[in-house]
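The data block below is final.txt; it holds compact mmCIF, C-alpha atoms.
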```
# COMPACT_ATOMS: atom_id res chain seq x y z
CA MET A 1 -1.56 8.82 18.78
CA SER A 2 0.95 7.79 16.12
CA ALA A 3 1.72 9.82 13.00
CA ALA A 4 -0.08 7.24 10.88
CA GLU A 5 -3.20 7.42 13.05
CA SER A 6 -3.14 11.22 13.16
CA ILE A 7 -3.35 11.46 9.37
CA GLY A 8 -6.05 8.82 9.18
CA ARG A 9 -4.00 5.92 7.81
CA ARG A 10 -4.66 2.49 9.20
CA GLN A 11 -2.13 1.20 11.69
CA PHE A 12 -1.32 -2.52 11.65
CA ARG A 13 -0.74 -4.32 14.92
CA LEU A 14 2.38 -6.50 14.76
CA LEU A 15 3.23 -9.50 16.96
CA ILE A 16 6.85 -10.75 16.78
CA VAL A 17 7.48 -14.43 17.55
CA ASP A 18 11.03 -15.80 17.82
CA ASP A 19 12.84 -17.77 20.52
CA SER A 20 15.86 -15.48 20.24
CA ASN A 21 15.76 -12.17 22.12
CA ILE A 22 18.32 -10.79 19.71
CA MET A 23 16.15 -11.65 16.70
CA ARG A 24 13.03 -10.19 18.30
CA ARG A 25 14.83 -6.91 18.98
CA ARG A 26 16.36 -6.95 15.49
CA ILE A 27 12.94 -7.29 13.87
CA GLU A 28 11.46 -4.67 16.17
CA ARG A 29 14.29 -2.24 15.42
CA SER A 30 14.38 -2.82 11.69
CA GLN A 31 10.77 -2.13 10.88
CA ARG A 32 10.48 1.48 9.84
CA PHE A 33 6.85 1.67 8.88
CA GLU A 34 4.63 4.28 10.48
CA GLU A 35 1.77 1.93 9.72
CA LEU A 36 3.11 -0.67 12.17
CA ALA A 37 2.77 -0.82 15.94
CA VAL A 38 4.44 -3.69 17.77
CA VAL A 39 1.82 -5.01 20.20
CA GLY A 40 3.87 -7.86 21.64
CA THR A 41 6.83 -10.21 21.38
CA ALA A 42 6.76 -13.93 22.18
CA GLY A 43 9.52 -16.52 22.62
CA ASP A 44 7.54 -19.62 21.65
CA GLY A 45 4.28 -20.73 20.06
CA LEU A 46 2.30 -21.07 23.28
CA GLU A 47 3.23 -17.57 24.42
CA ALA A 48 2.34 -16.28 20.94
CA LEU A 49 -1.16 -17.77 21.16
CA GLU A 50 -1.72 -16.22 24.57
CA LEU A 51 -0.46 -12.82 23.41
CA ALA A 52 -2.52 -12.99 20.21
CA ARG A 53 -5.68 -13.54 22.28
CA ARG A 54 -4.88 -10.48 24.38
CA THR A 55 -3.52 -8.11 21.73
CA ASP A 56 -5.45 -9.05 18.54
CA PRO A 57 -2.61 -8.48 16.04
CA ASP A 58 -3.12 -7.97 12.29
CA LEU A 59 0.38 -9.16 11.35
CA VAL A 60 2.76 -11.73 12.82
CA THR A 61 6.42 -12.48 12.13
CA MET A 62 6.91 -16.14 12.99
CA ASP A 63 10.02 -18.22 13.67
CA LEU A 64 9.58 -21.96 13.10
CA THR A 65 12.09 -23.82 15.31
CA MET A 66 10.99 -22.95 18.84
CA PRO A 67 10.48 -24.74 22.18
CA GLN A 68 7.02 -25.56 23.62
CA MET A 69 5.18 -25.19 20.31
CA ASP A 70 6.83 -24.82 16.91
CA GLY A 71 5.93 -22.19 14.35
CA ILE A 72 4.01 -24.45 11.97
CA GLU A 73 1.53 -25.52 14.65
CA CYS A 74 1.30 -21.97 15.95
CA ILE A 75 0.45 -20.64 12.46
CA SER A 76 -2.32 -23.20 12.14
CA ARG A 77 -3.81 -22.26 15.53
CA LEU A 78 -3.50 -18.52 14.94
CA ILE A 79 -5.26 -18.78 11.59
CA ALA A 80 -8.03 -20.83 13.22
CA MET A 81 -8.43 -17.98 15.75
CA LYS A 82 -8.29 -15.20 13.17
CA PRO A 83 -8.40 -16.20 9.48
CA SER A 84 -7.59 -12.66 8.29
CA LEU A 85 -4.23 -12.64 10.14
CA ARG A 86 -1.24 -12.09 7.85
CA ILE A 87 1.87 -14.07 8.79
CA LEU A 88 5.47 -13.65 7.63
CA VAL A 89 7.63 -16.66 8.48
CA ILE A 90 11.21 -15.68 9.36
CA SER A 91 13.24 -18.86 9.66
CA ALA A 92 16.59 -20.44 8.88
CA LEU A 93 14.87 -23.57 7.52
CA SER A 94 15.70 -23.26 3.84
CA ASP A 95 14.09 -26.29 2.19
CA LYS A 96 11.14 -25.77 -0.14
CA ALA A 97 8.94 -28.31 1.65
CA THR A 98 9.01 -26.24 4.85
CA ALA A 99 8.00 -23.08 2.99
CA VAL A 100 5.16 -24.96 1.28
CA GLN A 101 4.04 -26.44 4.61
CA ALA A 102 4.00 -22.99 6.23
CA MET A 103 2.00 -21.53 3.33
CA GLU A 104 -0.46 -24.44 3.50
CA GLN A 105 -1.06 -23.66 7.18
CA GLY A 106 -1.82 -20.05 6.30
CA ALA A 107 1.44 -18.10 6.16
CA ASN A 108 1.57 -15.31 3.58
CA GLY A 109 5.33 -14.89 3.13
CA PHE A 110 8.68 -16.47 3.97
CA LEU A 111 11.97 -14.72 4.73
CA HIS A 112 15.09 -16.79 5.25
CA LYS A 113 17.59 -16.06 8.02
CA PRO A 114 20.06 -14.46 7.84
CA PHE A 115 18.48 -11.37 6.28
CA THR A 116 19.36 -7.74 5.72
CA ASP A 117 17.25 -4.83 7.00
CA ARG A 118 16.21 -4.14 3.43
CA GLN A 119 15.04 -7.71 2.87
CA LEU A 120 13.04 -7.53 6.09
CA ASN A 121 11.44 -4.21 5.21
CA ASP A 122 10.60 -5.43 1.68
CA ALA A 123 8.99 -8.56 3.10
CA ILE A 124 6.93 -6.56 5.61
CA ALA A 125 5.94 -4.03 2.94
CA GLU A 126 4.67 -6.89 0.81
CA LEU A 127 2.73 -8.25 3.76
CA ILE A 128 1.06 -4.89 4.40
CA SER A 129 0.25 -4.33 0.75
CA MET X 1 28.34 -41.21 6.45
CA LEU X 2 29.16 -37.50 6.18
CA ARG X 3 31.13 -36.90 2.99
CA GLU X 4 33.61 -34.10 2.35
CA GLU X 5 31.49 -32.68 -0.48
CA GLU X 6 28.50 -32.37 1.88
CA LEU X 7 30.46 -29.90 3.99
CA LYS X 8 30.01 -27.27 1.26
CA THR X 9 26.50 -26.46 2.49
CA PHE X 10 27.90 -25.67 5.98
CA VAL X 11 30.80 -23.66 4.55
CA ASP X 12 28.34 -21.70 2.39
CA GLY X 13 25.97 -21.21 5.34
CA THR X 14 28.77 -19.91 7.54
CA THR X 15 30.01 -17.58 4.80
CA ARG X 16 26.49 -16.24 4.26
CA TYR X 17 25.91 -15.72 7.98
CA PHE X 18 28.93 -13.47 8.41
CA GLU X 19 28.35 -11.61 5.14
CA VAL X 20 24.69 -10.85 5.91
CA ALA X 21 24.29 -10.80 9.69
CA ALA X 22 27.74 -9.42 10.56
CA GLN X 23 28.09 -7.39 7.34
CA GLN X 24 31.69 -8.45 7.06
CA PRO X 25 32.88 -11.66 5.39
CA ALA X 26 34.73 -14.32 7.34
CA THR X 27 37.61 -16.38 6.05
CA ILE X 28 36.70 -20.03 6.11
CA GLY X 29 39.64 -22.43 6.42
CA SER X 30 39.88 -25.91 4.92
CA PRO X 31 37.71 -28.39 6.80
CA TYR X 32 39.56 -31.26 8.45
CA LEU X 33 38.53 -34.59 9.89
CA LEU X 34 38.31 -34.52 13.66
CA GLU X 35 40.19 -37.23 15.44
CA GLY X 36 40.07 -36.99 19.21
CA ASP X 37 38.93 -33.97 21.17
CA VAL X 38 38.30 -30.47 19.94
CA THR X 39 39.28 -27.32 21.79
CA VAL X 40 36.23 -25.20 22.52
CA HIS X 41 35.93 -21.47 23.04
CA ASP X 42 33.91 -19.61 25.69
CA TYR X 43 30.46 -20.31 24.21
CA THR X 44 29.26 -23.26 22.15
CA GLY X 45 25.89 -23.54 20.43
CA VAL X 46 24.62 -27.11 19.97
CA ILE X 47 22.00 -28.32 17.49
CA SER X 48 21.02 -31.99 17.53
CA ILE X 49 20.18 -33.53 14.17
CA SER X 50 17.65 -36.32 13.72
CA GLY X 51 15.59 -37.78 10.89
CA LYS X 52 17.32 -38.92 7.72
CA ARG X 53 20.70 -38.10 9.26
CA GLU X 54 21.78 -38.17 12.89
CA GLY X 55 24.37 -36.15 14.73
CA VAL X 56 25.23 -32.73 16.08
CA VAL X 57 26.32 -29.32 14.78
CA TYR X 58 28.39 -27.11 17.09
CA PHE X 59 29.43 -23.49 16.69
CA THR X 60 32.04 -22.50 19.25
CA ALA X 61 33.33 -18.93 19.60
CA PRO X 62 35.19 -16.71 22.06
CA ARG X 63 33.36 -14.03 24.02
CA ALA X 64 35.39 -11.29 22.29
CA MET X 65 34.16 -12.38 18.85
CA LEU X 66 30.55 -12.60 19.99
CA THR X 67 30.83 -9.13 21.53
CA VAL X 68 31.88 -7.63 18.19
CA LEU X 69 29.16 -9.59 16.39
CA LEU X 70 26.59 -8.13 18.78
CA MET X 71 27.94 -4.64 18.16
CA LYS X 72 27.59 -5.17 14.41
CA MET X 73 23.96 -6.11 15.07
CA GLN X 74 23.46 -2.83 16.95
CA GLU X 75 23.08 -4.65 20.25
CA SER X 76 24.31 -2.93 23.40
CA ASP X 77 23.61 -5.78 25.81
CA PHE X 78 26.75 -7.91 26.20
CA SER X 79 25.44 -10.03 29.04
CA HIS X 80 26.07 -13.74 29.47
CA GLU X 81 22.45 -14.37 28.43
CA ASN X 82 22.85 -12.43 25.19
CA MET X 83 26.07 -14.31 24.37
CA ARG X 84 24.19 -17.59 24.85
CA ASP X 85 21.34 -16.34 22.71
CA LEU X 86 23.69 -15.28 19.90
CA VAL X 87 25.79 -18.45 19.79
CA GLY X 88 22.57 -20.51 19.71
CA GLU X 89 21.11 -18.39 16.93
CA VAL X 90 24.26 -18.67 14.80
CA THR X 91 24.23 -22.47 15.16
CA ASN X 92 20.50 -22.61 14.43
CA THR X 93 20.83 -20.44 11.31
CA ILE X 94 23.72 -22.39 9.78
CA SER X 95 22.07 -25.75 10.57
CA GLY X 96 18.67 -24.63 9.28
CA ASN X 97 20.17 -23.31 6.06
CA ALA X 98 21.67 -26.78 5.47
CA ARG X 99 18.14 -28.09 4.84
CA LYS X 100 18.34 -26.46 1.44
CA ASP X 101 20.65 -29.32 0.46
CA PHE X 102 19.84 -32.04 3.03
CA GLY X 103 16.06 -31.63 2.70
CA HIS X 104 13.03 -31.58 4.96
CA ASP X 105 14.03 -34.80 6.77
CA PHE X 106 17.14 -33.13 8.17
CA VAL X 107 15.45 -32.29 11.47
CA ILE X 108 17.11 -29.72 13.71
CA SER X 109 16.49 -29.25 17.43
CA VAL X 110 16.15 -25.95 19.25
CA PRO X 111 19.64 -24.78 20.25
CA SER X 112 21.26 -25.54 23.56
CA VAL X 113 24.40 -23.78 24.77
CA LEU X 114 27.56 -24.92 26.54
CA THR X 115 29.81 -22.45 28.28
CA GLY X 116 33.35 -23.64 28.37
CA GLU X 117 32.57 -27.31 28.87
CA LYS X 118 34.31 -29.97 26.86
CA LEU X 119 32.38 -31.14 23.81
CA GLN X 120 30.93 -34.63 23.92
CA ILE X 121 31.37 -35.64 20.30
CA PRO X 122 28.93 -38.50 19.69
CA HIS X 123 30.39 -41.77 18.46
CA LYS X 124 27.91 -43.70 16.35
CA ALA X 125 28.48 -46.23 13.66
CA GLY X 126 29.05 -44.44 10.38
CA MET X 127 29.43 -41.02 11.98
CA ARG X 128 32.25 -38.69 10.98
CA SER X 129 33.15 -35.31 12.46
CA PHE X 130 34.69 -32.40 10.59
CA VAL X 131 35.97 -29.08 11.88
CA ILE X 132 35.43 -25.96 9.75
CA PRO X 133 37.78 -23.17 10.93
CA ILE X 134 36.36 -19.63 10.86
CA ASN X 135 38.40 -16.45 11.04
CA TRP X 136 36.56 -13.16 11.36
CA ARG X 137 38.33 -9.88 12.00
CA SER X 138 41.02 -10.90 14.49
CA HIS X 139 38.99 -13.74 16.02
CA SER X 140 38.88 -17.48 15.45
CA ALA X 141 35.90 -19.78 15.87
CA LYS X 142 34.92 -23.26 14.69
CA LEU X 143 31.96 -25.06 13.27
CA VAL X 144 32.03 -28.77 14.11
CA VAL X 145 29.75 -31.03 12.07
CA SER X 146 29.25 -34.64 13.26
CA LEU X 147 26.82 -36.60 11.11
CA THR X 148 26.01 -40.11 10.01
```

Since I need it in another form, could you write the structure as structure tokens?
Amino acid sequence: MSAAESIGRRQFRLLIVDDSNIMRRRIERSQRFEELAVVGTAGDGLEALELARRTDPDLVTMDLTMPQMDGIECISRLIAMKPSLRILVISALSDKATAVQAMEQGANGFLHKPFTDRQLNDAIAELIS
Amino acid sequence: MLREEELKTFVDGTTRYFEVAAQQPATIGSPYLLEGDVTVHDYTGVISISGKREGVVYFTAPRAMLTVLLMKMQESDFSHENMRDLVGEVTNTISGNARKDFGHDFVISVPSVLTGEKLQIPHKAGMRSFVIPINWRSHSAKLVVSLT
């Protein structure tokens, strides 16, 4: 049992989606919230859907440019599966139209790469709150 | 055709990458027009561009530089696979950031990686290629931007 669970706080289940191993580890390492438990990591949209079915996450960090299935389509499918899912897009795509498109599909936040640990933690804190 | 002033977005993206991801600024040299071949380093990330513009963005770097970059990112895995992953991610990040100026129709591919092979610079009507020199710590790398 985690510290958060032992004192009765809710623990959020986090799925990390990015086609870079380095980025997945970076996100996993940077999050310092007791309220978070990483339930899986996926390297593309199709793998993310499969993992989401098996692990039932509450939160997802989502890259956009990925093989097999990109992040925008994956967001749309994940939200169709679980409308209450909260999704933070973490992507290098820096145009406004992409952020708007992601939000329209159901994303709740957008963090641009490259990012600092503090920016990541602030973005996740906002997602949890 | 790629204009000199459009290179600023790639220079800014490269500067930001090293400042934020590597926590240590790089020195970016003056971009120059590429005529002929370009010398590549050990690993080269490749992003194909389609949509409103066509072309390729390359980031080529020596293994020693990528090793230090990985260390700065608290990575302890310096395998061939991790080098490929990193060089692809750097290229993807700089190219993706360029959409801030080039817009949504500047479509970037997923990264592919070359290891030591000679670059095949595409030759299309109206395409120009520029090299942006990058110096970071004691290492040198290059960003090559070839766009219509």

Using the file's own x, y and z axes, what box holds all listed atoms of stretch 58-70 of chain A with 6 Å on each side, keeping edges along x, y and z, and what are its centre and edge lengths in Å to one decimal, as JSON?
```
{"center_x": 4.5, "center_y": -16.8, "center_z": 17.5, "size_x": 27.2, "size_y": 29.6, "size_z": 24.3}
```

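Separating atom CA of A:Ala92 from atom CA of X:Asn92 is a distance of 7.1 Å.
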
Original post:
What residues in chain A have any atom no more than 8 Å from chain X when counting only C-alpha atoms, and can you write them as a PyMOL selection string?
Top reply: chain A and resi 20-22+26+65-67+91-98+113-116

Subject >> A:Ala99 surroundings by only C-alpha atoms, 9 Å radius, close-in-sequence under 5 positions cut, as a list of chain:residue names >> reply: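 The contact residues come out as A:Val89, A:Leu93, A:Ser94, A:Glu104, A:Ala107, A:Gly109, A:Phe110.
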
Subject >> Nearby residues (all atoms listed in the file) at most 8 Å from A:Ile72, same-chain spacing under 3 positions excluded, as a ChimeraX atom specification >> reply: /A:64,75-76,101-102,105

Subject >> Proximity to A:Leu120 - best of A:Val17, A:Ala37, A:Ala42, A:Ile27, all atoms listed in the file >> reply: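 The answer is A:Ile27, which sits nearest to A:Leu120.
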
**OP:** Using only C-alpha atoms, determine which residues lie at most 6 Å from A:Val60, disregarding the query and same-chain residues fewer than 4 positions distant; provide the list as a ChimeraX atom specification.
**Re:** /A:14-16,87

Original post:
For X:Thr148, which residue out of X:Ser50, X:Asn135, X:Thr27, X:Thr9 is the nearest one, using all atoms listed in the file?
Top reply: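 Closest to X:Thr148 of all the choices is X:Ser50.
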
Original post:
Looking at all atoms listed in the file, which of A:Arg25, A:Arg118, A:Arg13, A:His112 is the one that sits closest to A:Thr55?
Top reply: A:Arg13

Original post:
What is the atom CA of A:Thr41-atom CA of A:Arg54 distance in Å, reported with one decimal?
Top reply: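 Separation of atom CA of A:Thr41 and atom CA of A:Arg54: 12.1 Å.
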
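The environment of A:Ser129 within 12 Å, counting all atoms listed in the file and disregarding residues fewer than 5 places along the same chain, consists of Arg10, Phe12, Glu35, Leu59, Arg86, Asn108, Gly109, Asp122, Ala123 and Ile124 of chain A.
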
**OP:** Name the closest residue to X:Leu119 among the candidates X:Val38, X:Val56, X:Ala26, X:Val87; distances are taken between atoms, counting all atoms listed in the file.
**Re:**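 Checking each candidate against X:Leu119, we get X:Val38 as the closest.
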
Original post:
Between atom CA of X:Pro25 and atom CA of X:His80, what is the distance, to one decimal in Å?
Top reply: 25.1 Å

**OP:** Excluding X:Val145 and any residue of its chain fewer than 4 positions from it, enumerate the residues within 12 Å of it, using only C-alpha atoms, and give them as a PyMOL selection string.
**Re:** chain X and resi 1-4+6-11+31-34+38+45-49+53-60+91+94-95+98+121-122+127-133
